[in-house]
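As provided, protein.pdb (PDB, C-alpha atoms, pLDDT in the B column) reads as follows.
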MODEL        1
ATOM      1  CA  MET A   1      11.360 -10.682  11.524  1.00 52.00           C
ATOM      2  CA  MET A   2      11.463 -13.402   8.843  1.00 51.00           C
ATOM      3  CA  ARG A   3      12.469 -10.878   6.202  1.00 56.00           C
ATOM      4  CA  GLN A   4      15.008  -9.334   8.575  1.00 49.00           C
ATOM      5  CA  CYS A   5      16.639 -12.719   9.115  1.00 53.00           C
ATOM      6  CA  ARG A   6      16.843 -13.354   5.389  1.00 51.00           C
ATOM      7  CA  GLU A   7      18.253  -9.883   4.741  1.00 49.00           C
ATOM      8  CA  ALA A   8      20.758 -10.235   7.576  1.00 44.00           C
ATOM      9  CA  THR A   9      22.024 -13.446   6.025  1.00 49.00           C
ATOM     10  CA  LEU A  10      22.421 -11.826   2.624  1.00 45.00           C
ATOM     11  CA  LEU A  11      24.027  -8.637   3.923  1.00 41.00           C
ATOM     12  CA  GLY A  12      26.594 -10.454   6.016  1.00 43.00           C
ATOM     13  CA  ASN A  13      28.612 -11.451   2.920  1.00 46.00           C
ATOM     14  CA  HIS A  14      26.606 -14.658   2.727  1.00 49.00           C
ATOM     15  CA  ASP A  15      24.812 -13.986  -0.541  1.00 51.00           C
ATOM     16  CA  LYS A  16      26.036 -17.322  -1.926  1.00 68.00           C
ATOM     17  CA  ILE A  17      24.686 -19.384   0.950  1.00 74.00           C
ATOM     18  CA  ASP A  18      21.096 -18.160   1.060  1.00 78.00           C
ATOM     19  CA  TYR A  19      20.037 -21.589  -0.230  1.00 83.00           C
ATOM     20  CA  VAL A  20      20.301 -22.841   3.360  1.00 85.00           C
ATOM     21  CA  LEU A  21      17.164 -20.832   4.148  1.00 84.00           C
ATOM     22  CA  ASP A  22      15.117 -22.710   1.570  1.00 86.00           C
ATOM     23  CA  LYS A  23      16.613 -26.180   1.707  1.00 88.00           C
ATOM     24  CA  PRO A  24      16.963 -28.394   4.790  1.00 91.00           C
ATOM     25  CA  ILE A  25      20.137 -30.371   5.404  1.00 90.00           C
ATOM     26  CA  GLY A  26      19.657 -33.879   4.109  1.00 87.00           C
ATOM     27  CA  VAL A  27      20.122 -36.988   6.205  1.00 88.00           C
ATOM     28  CA  VAL A  28      23.347 -38.906   5.672  1.00 90.00           C
ATOM     29  CA  PRO A  29      22.357 -42.324   4.311  1.00 89.00           C
ATOM     30  CA  SER A  30      23.766 -45.451   5.882  1.00 90.00           C
ATOM     31  CA  LYS A  31      26.705 -47.086   4.149  1.00 86.00           C
ATOM     32  CA  GLU A  32      24.618 -50.181   3.534  1.00 86.00           C
ATOM     33  CA  SER A  33      21.896 -48.295   1.640  1.00 88.00           C
ATOM     34  CA  SER A  34      21.767 -47.866  -2.121  1.00 87.00           C
ATOM     35  CA  GLU A  35      21.598 -44.067  -1.698  1.00 87.00           C
ATOM     36  CA  PHE A  36      25.069 -43.979  -0.165  1.00 86.00           C
ATOM     37  CA  ALA A  37      26.707 -44.686  -3.529  1.00 86.00           C
ATOM     38  CA  THR A  38      25.405 -41.399  -4.958  1.00 88.00           C
ATOM     39  CA  PHE A  39      25.674 -39.405  -1.748  1.00 89.00           C
ATOM     40  CA  ASP A  40      27.837 -36.278  -2.105  1.00 91.00           C
ATOM     41  CA  ALA A  41      29.619 -36.080   1.222  1.00 90.00           C
ATOM     42  CA  ALA A  42      31.536 -32.918   0.297  1.00 92.00           C
ATOM     43  CA  ALA A  43      28.353 -31.069  -0.680  1.00 91.00           C
ATOM     44  CA  HIS A  44      26.661 -32.217   2.519  1.00 91.00           C
ATOM     45  CA  GLU A  45      29.570 -31.012   4.625  1.00 92.00           C
ATOM     46  CA  LYS A  46      29.545 -27.674   2.805  1.00 91.00           C
ATOM     47  CA  HIS A  47      25.812 -27.340   3.413  1.00 92.00           C
ATOM     48  CA  VAL A  48      26.316 -27.921   7.145  1.00 91.00           C
ATOM     49  CA  GLU A  49      29.135 -25.382   7.242  1.00 90.00           C
ATOM     50  CA  ASN A  50      27.110 -22.743   5.396  1.00 88.00           C
ATOM     51  CA  ALA A  51      24.077 -23.398   7.586  1.00 88.00           C
ATOM     52  CA  ASN A  52      26.156 -22.831  10.718  1.00 88.00           C
ATOM     53  CA  ASP A  53      27.451 -19.536   9.323  1.00 85.00           C
ATOM     54  CA  ALA A  54      23.939 -18.400   8.412  1.00 84.00           C
ATOM     55  CA  GLN A  55      22.643 -19.460  11.816  1.00 85.00           C
ATOM     56  CA  CYS A  56      25.099 -17.127  13.551  1.00 85.00           C
ATOM     57  CA  VAL A  57      24.084 -14.210  11.358  1.00 82.00           C
ATOM     58  CA  MET A  58      20.368 -14.854  11.852  1.00 83.00           C
ATOM     59  CA  LEU A  59      20.625 -15.201  15.607  1.00 85.00           C
ATOM     60  CA  SER A  60      22.559 -11.949  15.831  1.00 84.00           C
ATOM     61  CA  SER A  61      19.601 -10.126  14.250  1.00 79.00           C
ATOM     62  CA  MET A  62      17.121 -11.438  16.849  1.00 81.00           C
ATOM     63  CA  SER A  63      16.077 -10.283  20.274  1.00 83.00           C
ATOM     64  CA  LEU A  64      17.392 -12.220  23.271  1.00 89.00           C
ATOM     65  CA  GLU A  65      14.088 -14.050  23.691  1.00 87.00           C
ATOM     66  CA  LEU A  66      14.010 -15.153  20.067  1.00 84.00           C
ATOM     67  CA  GLN A  67      17.655 -16.168  20.261  1.00 88.00           C
ATOM     68  CA  ARG A  68      16.810 -18.415  23.196  1.00 91.00           C
ATOM     69  CA  GLN A  69      13.996 -20.050  21.240  1.00 88.00           C
ATOM     70  CA  HIS A  70      16.053 -20.628  18.101  1.00 88.00           C
ATOM     71  CA  GLU A  71      19.616 -21.226  19.263  1.00 89.00           C
ATOM     72  CA  HIS A  72      19.376 -24.975  18.615  1.00 90.00           C
ATOM     73  CA  MET A  73      17.741 -24.632  15.198  1.00 91.00           C
ATOM     74  CA  LEU A  74      19.423 -24.469  11.815  1.00 89.00           C
ATOM     75  CA  PRO A  75      18.394 -21.730   9.331  1.00 88.00           C
ATOM     76  CA  TYR A  76      15.753 -23.706   7.426  1.00 90.00           C
ATOM     77  CA  GLU A  77      14.012 -24.877  10.603  1.00 91.00           C
ATOM     78  CA  MET A  78      14.452 -21.436  12.142  1.00 88.00           C
ATOM     79  CA  LEU A  79      12.682 -19.730   9.252  1.00 87.00           C
ATOM     80  CA  LYS A  80       9.831 -22.251   9.268  1.00 87.00           C
ATOM     81  CA  HIS A  81       9.339 -21.747  12.986  1.00 86.00           C
ATOM     82  CA  LEU A  82       9.287 -17.975  12.559  1.00 83.00           C
ATOM     83  CA  GLU A  83       6.705 -18.327   9.802  1.00 81.00           C
ATOM     84  CA  SER A  84       4.384 -20.273  12.081  1.00 82.00           C
ATOM     85  CA  LEU A  85       5.126 -17.915  14.970  1.00 78.00           C
ATOM     86  CA  TYR A  86       4.163 -14.806  13.043  1.00 77.00           C
ATOM     87  CA  ALA A  87       1.421 -16.273  10.842  1.00 77.00           C
ATOM     88  CA  SER A  88      -1.401 -15.441  13.255  1.00 76.00           C
ATOM     89  CA  GLN A  89       0.048 -11.981  13.866  1.00 81.00           C
ATOM     90  CA  ALA A  90       0.189 -11.301  10.124  1.00 81.00           C
ATOM     91  CA  GLN A  91      -3.405 -12.482   9.738  1.00 84.00           C
ATOM     92  CA  THR A  92      -4.544 -10.100  12.466  1.00 88.00           C
ATOM     93  CA  MET A  93      -2.634  -7.234  10.860  1.00 89.00           C
ATOM     94  CA  GLU A  94      -4.154  -8.019   7.471  1.00 90.00           C
ATOM     95  CA  TYR A  95      -7.652  -7.961   8.952  1.00 90.00           C
ATOM     96  CA  GLU A  96      -7.058  -4.639  10.711  1.00 93.00           C
ATOM     97  CA  ILE A  97      -5.551  -2.981   7.636  1.00 93.00           C
ATOM     98  CA  LEU A  98      -8.381  -4.196   5.390  1.00 93.00           C
ATOM     99  CA  ARG A  99     -10.907  -2.988   7.949  1.00 93.00           C
ATOM    100  CA  ASP A 100      -9.319   0.471   7.902  1.00 94.00           C
ATOM    101  CA  LEU A 101      -9.252   0.433   4.099  1.00 94.00           C
ATOM    102  CA  PHE A 102     -12.936  -0.388   3.787  1.00 92.00           C
ATOM    103  CA  LYS A 103     -13.803   2.308   6.326  1.00 93.00           C
ATOM    104  CA  CYS A 104     -12.047   5.028   4.311  1.00 93.00           C
ATOM    105  CA  LYS A 105     -14.445   7.626   2.947  1.00 93.00           C
ATOM    106  CA  LEU A 106     -13.717  11.094   1.622  1.00 93.00           C
ATOM    107  CA  HIS A 107     -16.473  13.556   2.452  1.00 90.00           C
ATOM    108  CA  ASP A 108     -17.285  16.747   0.554  1.00 86.00           C
ATOM    109  CA  GLY A 109     -14.793  19.439   1.414  1.00 85.00           C
ATOM    110  CA  GLY A 110     -12.035  16.987   2.309  1.00 91.00           C
ATOM    111  CA  LYS A 111      -8.679  17.013   0.536  1.00 93.00           C
ATOM    112  CA  VAL A 112      -8.372  14.214  -1.990  1.00 95.00           C
ATOM    113  CA  SER A 113      -4.573  14.127  -1.743  1.00 95.00           C
ATOM    114  CA  GLU A 114      -4.534  13.351   1.980  1.00 95.00           C
ATOM    115  CA  HIS A 115      -7.275  10.766   1.557  1.00 96.00           C
ATOM    116  CA  VAL A 116      -5.637   8.901  -1.336  1.00 96.00           C
ATOM    117  CA  LEU A 117      -2.190   8.953   0.278  1.00 97.00           C
ATOM    118  CA  LYS A 118      -3.701   7.429   3.405  1.00 96.00           C
ATOM    119  CA  MET A 119      -5.271   4.628   1.361  1.00 96.00           C
ATOM    120  CA  ILE A 120      -2.062   4.033  -0.592  1.00 97.00           C
ATOM    121  CA  GLY A 121      -0.214   3.788   2.718  1.00 96.00           C
ATOM    122  CA  LEU A 122      -2.624   1.103   3.916  1.00 96.00           C
ATOM    123  CA  ILE A 123      -2.285  -0.785   0.630  1.00 95.00           C
ATOM    124  CA  GLU A 124       1.508  -0.678   0.951  1.00 95.00           C
ATOM    125  CA  ARG A 125       1.270  -1.967   4.527  1.00 93.00           C
ATOM    126  CA  LEU A 126      -0.732  -4.910   3.206  1.00 92.00           C
ATOM    127  CA  ALA A 127       1.987  -5.606   0.660  1.00 92.00           C
ATOM    128  CA  SER A 128       4.649  -5.506   3.387  1.00 88.00           C
ATOM    129  CA  ILE A 129       3.012  -8.479   5.116  1.00 84.00           C
ATOM    130  CA  GLY A 130       2.603 -10.417   1.889  1.00 85.00           C
ATOM    131  CA  ALA A 131      -0.947  -9.418   0.926  1.00 88.00           C
ATOM    132  CA  VAL A 132      -0.228  -7.728  -2.395  1.00 92.00           C
ATOM    133  CA  LEU A 133      -3.277  -6.242  -4.104  1.00 93.00           C
ATOM    134  CA  PRO A 134      -3.299  -5.913  -7.909  1.00 93.00           C
ATOM    135  CA  VAL A 135      -3.290  -2.301  -9.088  1.00 94.00           C
ATOM    136  CA  ASN A 136      -6.796  -2.570 -10.544  1.00 93.00           C
ATOM    137  CA  VAL A 137      -8.143  -3.864  -7.226  1.00 94.00           C
ATOM    138  CA  SER A 138      -6.423  -1.044  -5.350  1.00 95.00           C
ATOM    139  CA  THR A 139      -7.876   1.465  -7.804  1.00 95.00           C
ATOM    140  CA  ASN A 140     -11.350  -0.002  -7.354  1.00 93.00           C
ATOM    141  CA  LEU A 141     -10.961   0.400  -3.607  1.00 93.00           C
ATOM    142  CA  ILE A 142      -9.997   4.067  -3.875  1.00 95.00           C
ATOM    143  CA  LEU A 143     -12.473   5.400  -6.446  1.00 95.00           C
ATOM    144  CA  PRO A 144     -15.730   4.340  -4.716  1.00 93.00           C
ATOM    145  CA  CYS A 145     -14.570   6.148  -1.568  1.00 93.00           C
ATOM    146  CA  LEU A 146     -14.692   9.526  -3.316  1.00 94.00           C
ATOM    147  CA  PRO A 147     -17.641  11.934  -2.958  1.00 93.00           C
ATOM    148  CA  SER A 148     -20.166  12.745  -5.687  1.00 91.00           C
ATOM    149  CA  SER A 149     -18.068  15.721  -6.821  1.00 91.00           C
ATOM    150  CA  PHE A 150     -15.695  13.176  -8.421  1.00 94.00           C
ATOM    151  CA  GLU A 151     -18.456  11.355 -10.290  1.00 93.00           C
ATOM    152  CA  ASN A 152     -17.451  12.735 -13.704  1.00 93.00           C
ATOM    153  CA  PHE A 153     -13.842  11.748 -13.107  1.00 94.00           C
ATOM    154  CA  ILE A 154     -14.830   8.191 -12.185  1.00 95.00           C
ATOM    155  CA  VAL A 155     -17.133   7.827 -15.189  1.00 94.00           C
ATOM    156  CA  ASN A 156     -14.464   9.041 -17.624  1.00 94.00           C
ATOM    157  CA  PHE A 157     -11.787   6.957 -15.923  1.00 95.00           C
ATOM    158  CA  ASN A 158     -13.817   3.775 -16.325  1.00 93.00           C
ATOM    159  CA  MET A 159     -15.132   4.565 -19.807  1.00 94.00           C
ATOM    160  CA  ASN A 160     -11.592   5.133 -21.079  1.00 93.00           C
ATOM    161  CA  ASN A 161     -10.432   1.949 -19.332  1.00 91.00           C
ATOM    162  CA  THR A 162      -7.561   3.947 -17.853  1.00 90.00           C
ATOM    163  CA  LYS A 163      -4.639   1.894 -16.551  1.00 92.00           C
ATOM    164  CA  VAL A 164      -2.334   3.799 -14.210  1.00 94.00           C
ATOM    165  CA  GLY A 165      -0.356   3.120 -11.077  1.00 95.00           C
ATOM    166  CA  LEU A 166      -1.442   4.478  -7.716  1.00 96.00           C
ATOM    167  CA  PRO A 167       0.961   7.471  -7.757  1.00 96.00           C
ATOM    168  CA  GLU A 168      -0.399   8.491 -11.175  1.00 96.00           C
ATOM    169  CA  LEU A 169      -3.980   8.061  -9.948  1.00 96.00           C
ATOM    170  CA  HIS A 170      -3.162  10.284  -6.986  1.00 96.00           C
ATOM    171  CA  ASN A 171      -1.820  13.013  -9.289  1.00 96.00           C
ATOM    172  CA  MET A 172      -4.814  12.742 -11.628  1.00 96.00           C
ATOM    173  CA  LEU A 173      -7.239  13.163  -8.738  1.00 96.00           C
ATOM    174  CA  LYS A 174      -5.324  16.164  -7.398  1.00 95.00           C
ATOM    175  CA  THR A 175      -5.410  17.789 -10.836  1.00 94.00           C
ATOM    176  CA  TYR A 176      -9.135  17.118 -11.190  1.00 93.00           C
ATOM    177  CA  GLU A 177      -9.845  18.547  -7.743  1.00 92.00           C
ATOM    178  CA  SER A 178      -7.846  21.671  -8.551  1.00 90.00           C
ATOM    179  CA  SER A 179      -9.500  22.203 -11.941  1.00 89.00           C
ATOM    180  CA  THR A 180     -13.030  21.745 -10.600  1.00 87.00           C
ATOM    181  CA  ALA A 181     -12.296  24.143  -7.736  1.00 74.00           C
ATOM    182  CA  LYS A 182     -11.146  26.795 -10.232  1.00 68.00           C
ATOM    183  CA  LEU A 183     -14.210  26.223 -12.410  1.00 60.00           C
ATOM    184  CA  LYS A 184     -16.486  26.531  -9.400  1.00 63.00           C
ATOM    185  CA  SER A 185     -14.770  29.780  -8.439  1.00 55.00           C
ATOM    186  CA  VAL A 186     -15.228  31.191 -11.957  1.00 46.00           C
ATOM    187  CA  LEU A 187     -18.897  30.227 -11.973  1.00 46.00           C
ATOM    188  CA  MET A 188     -19.438  31.850  -8.591  1.00 55.00           C
ATOM    189  CA  VAL A 189     -17.800  35.081  -9.755  1.00 48.00           C
ATOM    190  CA  SER A 190     -19.852  35.039 -12.959  1.00 53.00           C
ATOM    191  CA  SER A 191     -23.049  34.378 -11.038  1.00 53.00           C
ATOM    192  CA  SER A 192     -22.236  37.147  -8.597  1.00 51.00           C
ATOM    193  CA  ALA A 193     -21.584  39.583 -11.451  1.00 47.00           C
ATOM    194  CA  LYS A 194     -24.883  38.706 -13.128  1.00 54.00           C
ATOM    195  CA  SER A 195     -26.724  39.108  -9.850  1.00 55.00           C
ATOM    196  CA  SER A 196     -25.109  42.492  -9.307  1.00 55.00           C
ATOM    197  CA  LYS A 197     -26.082  43.657 -12.794  1.00 57.00           C
ATOM    198  CA  TRP A 198     -29.662  42.517 -12.257  1.00 53.00           C
ATOM    199  CA  LYS A 199     -29.854  44.396  -8.957  1.00 59.00           C
ATOM    200  CA  ASN A 200     -28.504  47.544 -10.595  1.00 60.00           C
ATOM    201  CA  LYS A 201     -31.098  47.320 -13.354  1.00 61.00           C
ATOM    202  CA  GLN A 202     -33.873  46.815 -10.822  1.00 62.00           C
ATOM    203  CA  GLN A 203     -32.679  49.794  -8.828  1.00 62.00           C
ATOM    204  CA  GLN A 204     -32.539  51.922 -11.976  1.00 63.00           C
ATOM    205  CA  LYS A 205     -36.090  50.883 -12.906  1.00 61.00           C
ATOM    206  CA  MET A 206     -37.350  51.729  -9.430  1.00 63.00           C
ATOM    207  CA  LYS A 207     -35.622  55.106  -9.560  1.00 59.00           C
ATOM    208  CA  ALA A 208     -37.074  55.835 -12.986  1.00 56.00           C
ATOM    209  CA  SER A 209     -40.515  54.858 -11.730  1.00 59.00           C
ATOM    210  CA  LYS A 210     -40.202  57.231  -8.768  1.00 53.00           C
ATOM    211  CA  ASP A 211     -39.065  60.053 -11.032  1.00 53.00           C
ATOM    212  CA  VAL A 212     -42.136  59.583 -13.211  1.00 50.00           C
ATOM    213  CA  THR A 213     -44.401  59.603 -10.143  1.00 50.00           C
ATOM    214  CA  TRP A 214     -42.888  62.827  -8.792  1.00 49.00           C
ATOM    215  CA  SER A 215     -43.287  64.536 -12.159  1.00 49.00           C
ATOM    216  CA  TYR A 216     -47.034  64.372 -11.751  1.00 48.00           C
TER     217      TYR A 216
ENDMDL
END

Could you quickly redo this structure as structure tokens?
Amino acid sequence: MMRQCREATLLGNHDKIDYVLDKPIGVVPSKESSEFATFDAAAHEKHVENANDAQCVMLSSMSLELQRQHEHMLPYEMLKHLESLYASQAQTMEYEILRDLFKCKLHDGGKVSEHVLKMIGLIERLASIGAVLPVNVSTNLILPCLPSSFENFIVNFNMNNTKVGLPELHNMLKTYESSTAKLKSVLMVSSSAKSSKWKNKQQQKMKASKDVTWSY
């Protein structure tokens, strides 16, 4: 909601007044004070005018209940109140997303693409609520969740100190999975062929042995 309010203010042809979201309206000093001599009345009046415009835009982007709560607030105060209102909710979301991240585990036979995309989605959800993880931290969350069949990939990745973004890591893991699957298939075919040859030789030996026995 906080981001929506800020975006609504910017999109409503108010891109030059977004300062009202970050700066409260100052208090007008009394004429007797020393501050009054340097007080910019025109700038203050402009600030009030811009804040009123932004307030209308922000309120229009809210639900009726939120409008009721914020109708007497100016943009700066409105945004601060929304921050406090949604802080606990964001903390709960962060906990739940991190919990789901740490529970992720790819088991043998599972598809690495689906698994990694799920983890990237969770990492992006964290970023959307302000908890941005560095790429190396995200990578170190993903790699340990892979099964032992990816051990060689992980060793080479770390030994080469590879630095890639999450989309590139996803593609690398898909390629590795595909190549190892092909290699495994070739080995199985080769093993099957060798086994078949061995059986044929054994059968030929047994047949030859029987022929010798019958000749007597």

Please evaluate the PyMOL selection byres ((chain A and resi 163) around 12) against the structure above and give the resulting residues as a PyMOL selection string.
chain A and resi 134-140+157-162+164-169+172

Find the spatial neighbours of Ile97 in chain A, counting all atoms listed in the file, within a cut-off of 9 Å - ignore same-chain residues fewer than 5 positions away - and output them as an NGL selection string.
:A and (92 or 102 or 122-123 or 125-126)

When you draw a straight line from CA of Tyr176 in chain A to CA of Gly110 in chain A, how long is it in Å?
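Atom-to-atom, CA of Tyr176 in chain A to CA of Gly110 in chain A, that is 13.8 Å.
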
Quick one: pull the distance between CA of Ser179 in chain A and CA of Cys145 in chain A, Å, one decimal.
19.8 Å

Tell me which protein, DNA and RNA residues are within 12 Å of range 33-48 of chain A, counting all atoms listed in the file, leaving out same-chain ones fewer than 2 positions away, and put them as a list of chain:residue names.
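The filter keeps A:Lys16, A:Ile17, A:Asp18, A:Tyr19, A:Val20, A:Leu21, A:Asp22, A:Lys23, A:Pro24, A:Ile25, A:Gly26, A:Val27, A:Val28, A:Pro29, A:Ser30, A:Lys31, A:Asn50, A:Ala51, A:Asn52, A:Asp53, A:Ala54, A:Gln55, A:Leu74, A:Pro75, A:Tyr76.
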
Mind writing the picked residues with C-alpha atoms as a PDB file, in the frame of the given file?
ATOM      1  CA  LYS A  16      26.036 -17.322  -1.926  1.00 68.00           C
ATOM      2  CA  ILE A  17      24.686 -19.384   0.950  1.00 74.00           C
ATOM      3  CA  ASP A  18      21.096 -18.160   1.060  1.00 78.00           C
ATOM      4  CA  TYR A  19      20.037 -21.589  -0.230  1.00 83.00           C
ATOM      5  CA  VAL A  20      20.301 -22.841   3.360  1.00 85.00           C
ATOM      6  CA  LEU A  21      17.164 -20.832   4.148  1.00 84.00           C
ATOM      7  CA  ASP A  22      15.117 -22.710   1.570  1.00 86.00           C
ATOM      8  CA  LYS A  23      16.613 -26.180   1.707  1.00 88.00           C
ATOM      9  CA  PRO A  24      16.963 -28.394   4.790  1.00 91.00           C
ATOM     10  CA  ILE A  25      20.137 -30.371   5.404  1.00 90.00           C
ATOM     11  CA  GLY A  26      19.657 -33.879   4.109  1.00 87.00           C
ATOM     12  CA  VAL A  27      20.122 -36.988   6.205  1.00 88.00           C
ATOM     13  CA  VAL A  28      23.347 -38.906   5.672  1.00 90.00           C
ATOM     14  CA  PRO A  29      22.357 -42.324   4.311  1.00 89.00           C
ATOM     15  CA  SER A  30      23.766 -45.451   5.882  1.00 90.00           C
ATOM     16  CA  LYS A  31      26.705 -47.086   4.149  1.00 86.00           C
ATOM     17  CA  ASN A  50      27.110 -22.743   5.396  1.00 88.00           C
ATOM     18  CA  ALA A  51      24.077 -23.398   7.586  1.00 88.00           C
ATOM     19  CA  ASN A  52      26.156 -22.831  10.718  1.00 88.00           C
ATOM     20  CA  ASP A  53      27.451 -19.536   9.323  1.00 85.00           C
ATOM     21  CA  ALA A  54      23.939 -18.400   8.412  1.00 84.00           C
ATOM     22  CA  GLN A  55      22.643 -19.460  11.816  1.00 85.00           C
ATOM     23  CA  LEU A  74      19.423 -24.469  11.815  1.00 89.00           C
ATOM     24  CA  PRO A  75      18.394 -21.730   9.331  1.00 88.00           C
ATOM     25  CA  TYR A  76      15.753 -23.706   7.426  1.00 90.00           C
TER      26      TYR A  76
END

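With only C-alpha atoms as the atoms that count, the residue of A:Leu82, A:Val155, A:Leu98, A:Pro147 with the shortest distance to Val132 in chain A is A:Leu98.
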
Nearest to Glu94 in chain A by atom-to-atom distance, counting only C-alpha atoms, from A:Met58, A:Gly121, A:Lys111, A:Gly130:
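Selected residue with least distance to Glu94 in chain A: A:Gly130.
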
Hey, can you check how far CA of Leu79 in chain A sits from CA of Ala127 in chain A?
19.7 Å
